[in-house]
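Next up, query.pdb (PDB, C-alpha atoms, pLDDT in the B column):
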```
ATOM      1  CA  MET A   1     140.794  18.953   7.849  1.00 52.00           C
ATOM      2  CA  LYS A   2     138.052  21.595   8.034  1.00 47.00           C
ATOM      3  CA  ASN A   3     135.981  19.774   5.410  1.00 53.00           C
ATOM      4  CA  PHE A   4     136.507  16.496   7.273  1.00 43.00           C
ATOM      5  CA  ILE A   5     135.178  17.968  10.538  1.00 46.00           C
ATOM      6  CA  GLN A   6     132.225  19.540   8.714  1.00 50.00           C
ATOM      7  CA  GLY A   7     131.480  16.163   7.170  1.00 49.00           C
ATOM      8  CA  ILE A   8     131.445  14.508  10.593  1.00 45.00           C
ATOM      9  CA  LEU A   9     129.072  17.182  11.909  1.00 43.00           C
ATOM     10  CA  VAL A  10     126.718  16.702   8.956  1.00 42.00           C
ATOM     11  CA  VAL A  11     126.695  12.919   9.413  1.00 41.00           C
ATOM     12  CA  SER A  12     126.077  13.346  13.151  1.00 47.00           C
ATOM     13  CA  ALA A  13     123.192  15.728  12.495  1.00 42.00           C
ATOM     14  CA  LEU A  14     121.662  13.350   9.940  1.00 38.00           C
ATOM     15  CA  ALA A  15     122.001  10.412  12.332  1.00 43.00           C
ATOM     16  CA  SER A  16     120.282  12.416  15.048  1.00 46.00           C
ATOM     17  CA  ALA A  17     117.462  13.359  12.671  1.00 44.00           C
ATOM     18  CA  VAL A  18     117.018   9.747  11.558  1.00 40.00           C
ATOM     19  CA  SER A  19     116.962   8.578  15.195  1.00 46.00           C
ATOM     20  CA  LEU A  20     114.353  11.196  16.055  1.00 49.00           C
ATOM     21  CA  SER A  21     112.131  10.460  13.067  1.00 49.00           C
ATOM     22  CA  ALA A  22     112.401   6.720  13.660  1.00 58.00           C
ATOM     23  CA  GLN A  23     110.173   7.051  16.716  1.00 87.00           C
ATOM     24  CA  THR A  24     106.765   8.659  16.974  1.00 96.00           C
ATOM     25  CA  ALA A  25     105.410  10.380  20.072  1.00 97.00           C
ATOM     26  CA  GLY A  26     103.164   7.370  20.691  1.00 97.00           C
ATOM     27  CA  GLU A  27     106.081   4.946  20.502  1.00 97.00           C
ATOM     28  CA  ILE A  28     108.128   7.008  22.946  1.00 98.00           C
ATOM     29  CA  VAL A  29     105.220   7.152  25.386  1.00 98.00           C
ATOM     30  CA  SER A  30     104.765   3.381  25.047  1.00 98.00           C
ATOM     31  CA  LYS A  31     108.425   2.875  25.997  1.00 98.00           C
ATOM     32  CA  HIS A  32     107.915   5.218  28.943  1.00 98.00           C
ATOM     33  CA  VAL A  33     104.958   3.137  30.133  1.00 98.00           C
ATOM     34  CA  ALA A  34     107.114   0.006  29.869  1.00 98.00           C
ATOM     35  CA  ALA A  35     109.879   1.751  31.840  1.00 98.00           C
ATOM     36  CA  ILE A  36     107.585   2.460  34.801  1.00 98.00           C
ATOM     37  CA  GLY A  37     106.469  -1.160  34.953  1.00 98.00           C
ATOM     38  CA  GLY A  38     104.213  -1.712  31.963  1.00 97.00           C
ATOM     39  CA  LYS A  39     100.435  -2.043  31.833  1.00 96.00           C
ATOM     40  CA  ASP A  40     100.371  -5.297  33.787  1.00 96.00           C
ATOM     41  CA  ALA A  41     102.157  -3.789  36.791  1.00 97.00           C
ATOM     42  CA  ILE A  42     100.320  -0.455  36.636  1.00 98.00           C
ATOM     43  CA  SER A  43      96.910  -2.136  36.437  1.00 97.00           C
ATOM     44  CA  GLN A  44      97.646  -4.006  39.683  1.00 97.00           C
ATOM     45  CA  VAL A  45      97.999  -0.734  41.603  1.00 98.00           C
ATOM     46  CA  LYS A  46      94.613   0.377  42.936  1.00 98.00           C
ATOM     47  CA  SER A  47      95.868   2.868  45.509  1.00 98.00           C
ATOM     48  CA  VAL A  48      99.072   4.646  46.540  1.00 98.00           C
ATOM     49  CA  TYR A  49      99.810   6.082  49.983  1.00 98.00           C
ATOM     50  CA  MET A  50     103.018   8.061  50.458  1.00 98.00           C
ATOM     51  CA  GLU A  51     104.652   9.791  53.390  1.00 98.00           C
ATOM     52  CA  THR A  52     106.977  12.568  52.287  1.00 98.00           C
ATOM     53  CA  SER A  53     109.031  15.468  53.557  1.00 97.00           C
ATOM     54  CA  ILE A  54     108.638  18.811  51.785  1.00 96.00           C
ATOM     55  CA  THR A  55     111.469  21.311  52.080  1.00 94.00           C
ATOM     56  CA  MET A  56     110.361  24.891  51.477  1.00 86.00           C
ATOM     57  CA  MET A  57     111.181  28.302  52.881  1.00 81.00           C
ATOM     58  CA  GLY A  58     114.129  26.840  54.738  1.00 82.00           C
ATOM     59  CA  GLY A  59     112.244  24.178  56.689  1.00 87.00           C
ATOM     60  CA  GLU A  60     111.154  20.554  56.375  1.00 93.00           C
ATOM     61  CA  ASN A  61     107.454  19.802  56.578  1.00 95.00           C
ATOM     62  CA  PRO A  62     105.776  16.366  56.870  1.00 96.00           C
ATOM     63  CA  SER A  63     103.245  15.526  54.190  1.00 97.00           C
ATOM     64  CA  THR A  64     101.111  12.629  53.006  1.00 98.00           C
ATOM     65  CA  THR A  65      99.689  11.840  49.583  1.00 98.00           C
ATOM     66  CA  THR A  66      96.812   9.431  49.013  1.00 98.00           C
ATOM     67  CA  ILE A  67      95.611   8.270  45.589  1.00 98.00           C
ATOM     68  CA  VAL A  68      92.776   5.897  44.746  1.00 98.00           C
ATOM     69  CA  ASN A  69      92.995   5.163  41.039  1.00 97.00           C
ATOM     70  CA  GLY A  70      90.409   7.096  39.043  1.00 96.00           C
ATOM     71  CA  VAL A  71      88.640   8.231  42.216  1.00 97.00           C
ATOM     72  CA  GLY A  72      90.724  10.798  44.062  1.00 98.00           C
ATOM     73  CA  TYR A  73      94.030  12.399  44.980  1.00 98.00           C
ATOM     74  CA  LYS A  74      94.693  14.138  48.300  1.00 98.00           C
ATOM     75  CA  SER A  75      97.811  15.734  49.731  1.00 97.00           C
ATOM     76  CA  GLU A  76      98.053  17.035  53.288  1.00 97.00           C
ATOM     77  CA  THR A  77     101.017  19.091  54.469  1.00 96.00           C
ATOM     78  CA  ASP A  78     101.734  20.411  57.962  1.00 94.00           C
ATOM     79  CA  PHE A  79     103.450  23.791  57.665  1.00 89.00           C
ATOM     80  CA  ASN A  80     104.362  25.542  60.910  1.00 84.00           C
ATOM     81  CA  GLY A  81     101.302  24.151  62.649  1.00 85.00           C
ATOM     82  CA  THR A  82      99.025  24.914  59.710  1.00 90.00           C
ATOM     83  CA  LYS A  83      97.515  22.174  57.547  1.00 93.00           C
ATOM     84  CA  ILE A  84      97.462  22.697  53.780  1.00 94.00           C
ATOM     85  CA  VAL A  85      95.189  20.314  51.870  1.00 97.00           C
ATOM     86  CA  GLN A  86      94.820  19.816  48.127  1.00 96.00           C
ATOM     87  CA  CYS A  87      92.255  17.358  46.804  1.00 98.00           C
ATOM     88  CA  TYR A  88      91.138  16.266  43.329  1.00 98.00           C
ATOM     89  CA  THR A  89      88.357  13.823  42.490  1.00 97.00           C
ATOM     90  CA  ASP A  90      86.780  12.619  39.264  1.00 94.00           C
ATOM     91  CA  LYS A  91      84.118  15.306  39.724  1.00 94.00           C
ATOM     92  CA  GLY A  92      85.952  18.348  41.083  1.00 96.00           C
ATOM     93  CA  GLY A  93      88.602  19.676  43.421  1.00 97.00           C
ATOM     94  CA  TRP A  94      88.968  21.607  46.649  1.00 97.00           C
ATOM     95  CA  THR A  95      91.686  23.041  48.832  1.00 96.00           C
ATOM     96  CA  ILE A  96      92.413  24.316  52.319  1.00 96.00           C
ATOM     97  CA  ASN A  97      95.260  26.818  52.506  1.00 92.00           C
ATOM     98  CA  PRO A  98      95.148  29.391  55.332  1.00 88.00           C
ATOM     99  CA  MET A  99      98.329  30.953  53.904  1.00 81.00           C
ATOM    100  CA  ALA A 100      96.342  31.875  50.785  1.00 79.00           C
ATOM    101  CA  GLY A 101      93.300  33.079  52.702  1.00 82.00           C
ATOM    102  CA  ALA A 102      91.370  29.793  52.463  1.00 82.00           C
ATOM    103  CA  ALA A 103      91.109  28.632  56.096  1.00 88.00           C
ATOM    104  CA  THR A 104      88.166  26.376  55.242  1.00 93.00           C
ATOM    105  CA  ALA A 105      87.586  24.005  52.314  1.00 95.00           C
ATOM    106  CA  THR A 106      87.238  26.006  49.101  1.00 95.00           C
ATOM    107  CA  PRO A 107      86.253  24.638  45.653  1.00 96.00           C
ATOM    108  CA  MET A 108      88.974  24.844  43.015  1.00 93.00           C
ATOM    109  CA  PRO A 109      88.463  27.057  39.960  1.00 92.00           C
ATOM    110  CA  ASP A 110      87.919  25.002  36.809  1.00 92.00           C
ATOM    111  CA  ASP A 111      91.296  25.906  35.292  1.00 89.00           C
ATOM    112  CA  VAL A 112      93.163  24.822  38.429  1.00 89.00           C
ATOM    113  CA  TYR A 113      91.158  21.594  38.630  1.00 94.00           C
ATOM    114  CA  ASN A 114      91.679  20.745  34.955  1.00 92.00           C
ATOM    115  CA  ALA A 115      95.421  21.357  35.272  1.00 90.00           C
ATOM    116  CA  GLY A 116      95.824  18.928  38.168  1.00 92.00           C
ATOM    117  CA  LYS A 117      93.084  16.315  37.959  1.00 93.00           C
ATOM    118  CA  ALA A 118      95.323  13.828  36.091  1.00 94.00           C
ATOM    119  CA  GLN A 119      96.902  13.111  39.469  1.00 95.00           C
ATOM    120  CA  ILE A 120      93.955  10.868  40.386  1.00 97.00           C
ATOM    121  CA  ASN A 121      95.184   8.332  37.818  1.00 96.00           C
ATOM    122  CA  ILE A 122      97.886   5.777  38.650  1.00 97.00           C
ATOM    123  CA  GLY A 123     100.573   5.808  35.958  1.00 97.00           C
ATOM    124  CA  GLY A 124     100.340   9.528  35.264  1.00 95.00           C
ATOM    125  CA  ALA A 125      98.785  11.568  32.483  1.00 96.00           C
ATOM    126  CA  LEU A 126     100.767   9.843  29.699  1.00 97.00           C
ATOM    127  CA  TYR A 127      99.516   6.384  30.657  1.00 97.00           C
ATOM    128  CA  ASP A 128      96.528   5.444  28.487  1.00 96.00           C
ATOM    129  CA  TYR A 129      96.466   9.054  27.256  1.00 96.00           C
ATOM    130  CA  ALA A 130      94.332   8.382  24.161  1.00 96.00           C
ATOM    131  CA  ALA A 131      91.572   6.730  26.217  1.00 95.00           C
ATOM    132  CA  LYS A 132      91.515   9.881  28.374  1.00 94.00           C
ATOM    133  CA  GLY A 133      90.965  12.058  25.315  1.00 95.00           C
ATOM    134  CA  SER A 134      94.504  13.466  25.295  1.00 97.00           C
ATOM    135  CA  LYS A 135      96.930  13.875  22.389  1.00 97.00           C
ATOM    136  CA  VAL A 136     100.740  13.715  22.281  1.00 98.00           C
ATOM    137  CA  GLU A 137     103.186  15.441  19.947  1.00 98.00           C
ATOM    138  CA  LEU A 138     106.943  14.989  19.554  1.00 98.00           C
ATOM    139  CA  LEU A 139     108.552  18.443  19.640  1.00 97.00           C
ATOM    140  CA  GLY A 140     112.113  17.217  19.164  1.00 96.00           C
ATOM    141  CA  LYS A 141     114.983  16.545  21.546  1.00 95.00           C
ATOM    142  CA  ASP A 142     116.415  18.540  24.419  1.00 94.00           C
ATOM    143  CA  GLY A 143     119.890  17.179  25.086  1.00 93.00           C
ATOM    144  CA  GLY A 144     119.478  13.498  25.910  1.00 94.00           C
ATOM    145  CA  ALA A 145     115.698  13.666  26.290  1.00 97.00           C
ATOM    146  CA  TYR A 146     112.695  13.517  24.010  1.00 98.00           C
ATOM    147  CA  LYS A 147     110.397  16.528  24.259  1.00 98.00           C
ATOM    148  CA  ILE A 148     106.752  15.428  24.266  1.00 98.00           C
ATOM    149  CA  LYS A 149     103.777  17.799  24.438  1.00 98.00           C
ATOM    150  CA  LEU A 150     100.612  16.385  25.977  1.00 97.00           C
ATOM    151  CA  THR A 151      97.320  18.192  25.319  1.00 97.00           C
ATOM    152  CA  SER A 152      94.346  17.060  27.400  1.00 95.00           C
ATOM    153  CA  LYS A 153      90.763  17.079  26.171  1.00 93.00           C
ATOM    154  CA  GLU A 154      90.322  20.321  28.145  1.00 92.00           C
ATOM    155  CA  ASN A 155      93.236  21.808  26.112  1.00 93.00           C
ATOM    156  CA  VAL A 156      95.586  21.846  29.093  1.00 94.00           C
ATOM    157  CA  GLU A 157      99.149  21.536  27.785  1.00 95.00           C
ATOM    158  CA  ALA A 158     102.221  20.078  29.463  1.00 97.00           C
ATOM    159  CA  VAL A 159     105.686  19.446  28.040  1.00 98.00           C
ATOM    160  CA  TYR A 160     107.480  16.286  29.195  1.00 98.00           C
ATOM    161  CA  LEU A 161     111.180  15.544  28.923  1.00 98.00           C
ATOM    162  CA  ILE A 162     111.646  11.773  28.652  1.00 98.00           C
ATOM    163  CA  ASP A 163     115.177  10.394  28.922  1.00 98.00           C
ATOM    164  CA  SER A 164     116.134   8.760  25.628  1.00 97.00           C
ATOM    165  CA  THR A 165     117.939   5.898  27.391  1.00 97.00           C
ATOM    166  CA  SER A 166     115.780   5.049  30.421  1.00 98.00           C
ATOM    167  CA  TYR A 167     112.498   6.468  29.023  1.00 98.00           C
ATOM    168  CA  LEU A 168     111.722   7.843  32.473  1.00 98.00           C
ATOM    169  CA  ILE A 169     110.337  11.365  32.861  1.00 98.00           C
ATOM    170  CA  THR A 170     113.006  13.854  33.939  1.00 98.00           C
ATOM    171  CA  SER A 171     110.764  16.937  34.009  1.00 98.00           C
ATOM    172  CA  VAL A 172     107.305  18.300  33.237  1.00 98.00           C
ATOM    173  CA  THR A 173     106.556  21.954  32.498  1.00 97.00           C
ATOM    174  CA  SER A 174     103.046  23.393  32.529  1.00 94.00           C
ATOM    175  CA  LYS A 175     101.274  26.711  33.027  1.00 87.00           C
ATOM    176  CA  GLY A 176     100.101  27.726  36.484  1.00 80.00           C
ATOM    177  CA  LYS A 177      99.584  30.694  38.758  1.00 69.00           C
ATOM    178  CA  MET A 178     101.743  32.181  41.492  1.00 67.00           C
ATOM    179  CA  GLN A 179     100.185  35.089  43.388  1.00 65.00           C
ATOM    180  CA  ASP A 180      97.663  35.527  40.553  1.00 69.00           C
ATOM    181  CA  GLN A 181     100.452  35.697  37.969  1.00 75.00           C
ATOM    182  CA  ASP A 182     100.822  33.196  35.121  1.00 81.00           C
ATOM    183  CA  VAL A 183     104.053  31.238  35.527  1.00 88.00           C
ATOM    184  CA  ASP A 184     105.718  28.150  34.091  1.00 92.00           C
ATOM    185  CA  ILE A 185     105.751  25.409  36.713  1.00 94.00           C
ATOM    186  CA  THR A 186     108.577  22.936  36.174  1.00 97.00           C
ATOM    187  CA  THR A 187     108.642  19.671  38.110  1.00 97.00           C
ATOM    188  CA  LYS A 188     111.812  17.576  37.996  1.00 98.00           C
ATOM    189  CA  TYR A 189     111.817  13.865  38.865  1.00 98.00           C
ATOM    190  CA  SER A 190     114.725  11.635  39.906  1.00 98.00           C
ATOM    191  CA  ASP A 191     115.732   8.705  42.146  1.00 98.00           C
ATOM    192  CA  TYR A 192     113.263   6.295  40.525  1.00 98.00           C
ATOM    193  CA  ARG A 193     112.666   3.086  42.467  1.00 98.00           C
ATOM    194  CA  LYS A 194     110.743  -0.092  41.689  1.00 97.00           C
ATOM    195  CA  THR A 195     107.981  -1.072  44.118  1.00 97.00           C
ATOM    196  CA  GLU A 196     107.107  -4.637  45.085  1.00 96.00           C
ATOM    197  CA  LEU A 197     104.496  -4.789  42.287  1.00 97.00           C
ATOM    198  CA  GLY A 198     106.989  -3.636  39.658  1.00 97.00           C
ATOM    199  CA  TYR A 199     105.521  -0.131  39.428  1.00 98.00           C
ATOM    200  CA  VAL A 200     108.290   2.472  39.314  1.00 98.00           C
ATOM    201  CA  ILE A 201     107.977   5.856  41.030  1.00 97.00           C
ATOM    202  CA  PRO A 202     110.318   8.818  41.681  1.00 98.00           C
ATOM    203  CA  TYR A 203     111.497   9.352  45.250  1.00 98.00           C
ATOM    204  CA  ALA A 204     112.894  12.858  44.633  1.00 98.00           C
ATOM    205  CA  ILE A 205     110.832  15.715  43.194  1.00 98.00           C
ATOM    206  CA  ASP A 206     111.813  19.365  42.748  1.00 97.00           C
ATOM    207  CA  VAL A 207     109.201  21.969  41.837  1.00 96.00           C
ATOM    208  CA  ASP A 208     109.971  25.470  40.538  1.00 94.00           C
ATOM    209  CA  PHE A 209     107.215  28.061  40.252  1.00 91.00           C
ATOM    210  CA  GLY A 210     108.539  30.400  37.589  1.00 88.00           C
ATOM    211  CA  GLY A 211     111.657  31.166  39.587  1.00 85.00           C
ATOM    212  CA  GLN A 212     109.549  32.843  42.280  1.00 84.00           C
ATOM    213  CA  PHE A 213     109.211  29.905  44.640  1.00 87.00           C
ATOM    214  CA  GLY A 214     110.484  26.372  44.879  1.00 92.00           C
ATOM    215  CA  LEU A 215     110.165  23.243  46.954  1.00 94.00           C
ATOM    216  CA  THR A 216     111.723  19.801  47.197  1.00 96.00           C
ATOM    217  CA  ILE A 217     109.815  16.608  47.967  1.00 97.00           C
ATOM    218  CA  ALA A 218     111.552  13.526  49.386  1.00 98.00           C
ATOM    219  CA  VAL A 219     109.502  10.330  49.519  1.00 98.00           C
ATOM    220  CA  LYS A 220     110.024   8.487  52.816  1.00 98.00           C
ATOM    221  CA  LYS A 221     107.477   5.660  52.646  1.00 97.00           C
ATOM    222  CA  VAL A 222     105.242   4.092  49.992  1.00 98.00           C
ATOM    223  CA  GLU A 223     102.324   1.689  50.491  1.00 98.00           C
ATOM    224  CA  LEU A 224     100.489   0.192  47.528  1.00 98.00           C
ATOM    225  CA  ASN A 225      96.924  -1.126  47.597  1.00 98.00           C
ATOM    226  CA  LYS A 226      96.288   0.048  51.128  1.00 96.00           C
ATOM    227  CA  THR A 227      92.565   0.050  51.963  1.00 97.00           C
ATOM    228  CA  ILE A 228      91.392   3.662  51.699  1.00 97.00           C
ATOM    229  CA  ASP A 229      87.917   5.009  52.391  1.00 97.00           C
ATOM    230  CA  PRO A 230      86.885   7.175  49.381  1.00 95.00           C
ATOM    231  CA  ALA A 231      85.091   9.438  51.855  1.00 96.00           C
ATOM    232  CA  ILE A 232      88.428  11.132  52.580  1.00 97.00           C
ATOM    233  CA  PHE A 233      88.138  12.908  49.222  1.00 98.00           C
ATOM    234  CA  ALA A 234      84.780  14.518  50.039  1.00 97.00           C
ATOM    235  CA  MET A 235      84.963  18.266  50.622  1.00 96.00           C
ATOM    236  CA  PRO A 236      84.223  19.178  54.275  1.00 92.00           C
ATOM    237  CA  LYS A 237      81.094  21.245  54.723  1.00 85.00           C
TER     238      LYS A 237
END
```

Show how you would write the structure in this file as structure tokens.
Amino acid sequence: MKNFIQGILVVSALASAVSLSAQTAGEIVSKHVAAIGGKDAISQVKSVYMETSITMMGGENPSTTTIVNGVGYKSETDFNGTKIVQCYTDKGGWTINPMAGAATATPMPDDVYNAGKAQINIGGALYDYAAKGSKVELLGKDGGAYKIKLTSKENVEAVYLIDSTSYLITSVTSKGKMQDQDVDITTKYSDYRKTELGYVIPYAIDVDFGGQFGLTIAVKKVELNKTIDPAIFAMPK
């Protein structure tokens, strides 16, 4: 009986290894792109405007996110009467965060900008990754998810967990800073919904900053291809 059980375990392990080796990182990413709508649907999306609610420090705070593909990304959050702004463009980034001592628009350090600038692209960092100068590597499996490491041309690394059934991203872990300390920032995605153009986005996002701080984002409204003036991404003087 013992040998029989061991035999089953060996067969199971071999089957898992064969399944893993049967797909390359590129093939898994391609299936992910198909799962969020495919290139045809993604290419139709020129801009995304979202209204969200961010729960942090025991309260809910209204927020908006505006993206113009390849041009800019801007989030604005009202927190206890204070506006926190984070903006990335194809040329640089800036932020306003009175809670961090930046009451006026302040340029982002290069490492912070490089870590977040992929947000200006519809489809995410994995979409068309090779054309952006990035590389992907299959690290193995974590439960029911493929573990993919993305390395950008600036050598910024992020590890994605992609569900092996739906091929949707369940989490992304990358390096960041919290109160000048290096931490692992893990962002979990769920409640994926298909938009009218076929592009699929998550409506629930949980972010953990190395166990020191966390927040939850609930998407309330999404508008695609809304006319947006690129001037909104310019840093105030």

Practice task
Name the residues that the PyMOL selection byres ((chain A and resi 29) around 9) pulls out of this structure, and write them as a ChimeraX atom specification.
Solution key: /A:24-28,30-34,126-127,136,148,162,167

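Applied to the file shown here, the PyMOL selection byres ((chain A and resi 236) around 9) selects A:Thr104, A:Ala105, A:Phe233, A:Ala234, A:Met235, A:Lys237.
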
Give me, as a Markdown table, the closest atom pair and its distance (Å, one decimal) for every residue of stretch 124-178 of chain A within a cut-off of 10 Å of stretch 191-203 of chain A, counting all atoms listed in the file, rows sorted by chain and rising number.
```
| residue | atom | partner | partner_atom | distance |
| --- | --- | --- | --- | --- |
| A:Leu168 | CA | A:Tyr192 | CA | 8.3 |
| A:Ile169 | CA | A:Pro202 | CA | 9.2 |
| A:Thr170 | CA | A:Pro202 | CA | 9.6 |
```

Exercise for the section: Work out how far apart atom CA of A:Asp208 and atom CA of A:Leu139 are and give it in Å to one decimal. Expected result: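 One can read the atom CA of A:Asp208 to atom CA of A:Leu139 distance as 22.1 Å.
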
Handout entry: Residues returned when the PyMOL selection byres ((chain A and resi 164) around 8) runs on this file, as a ChimeraX atom specification
Key = /A:144-146,162-163,165-167
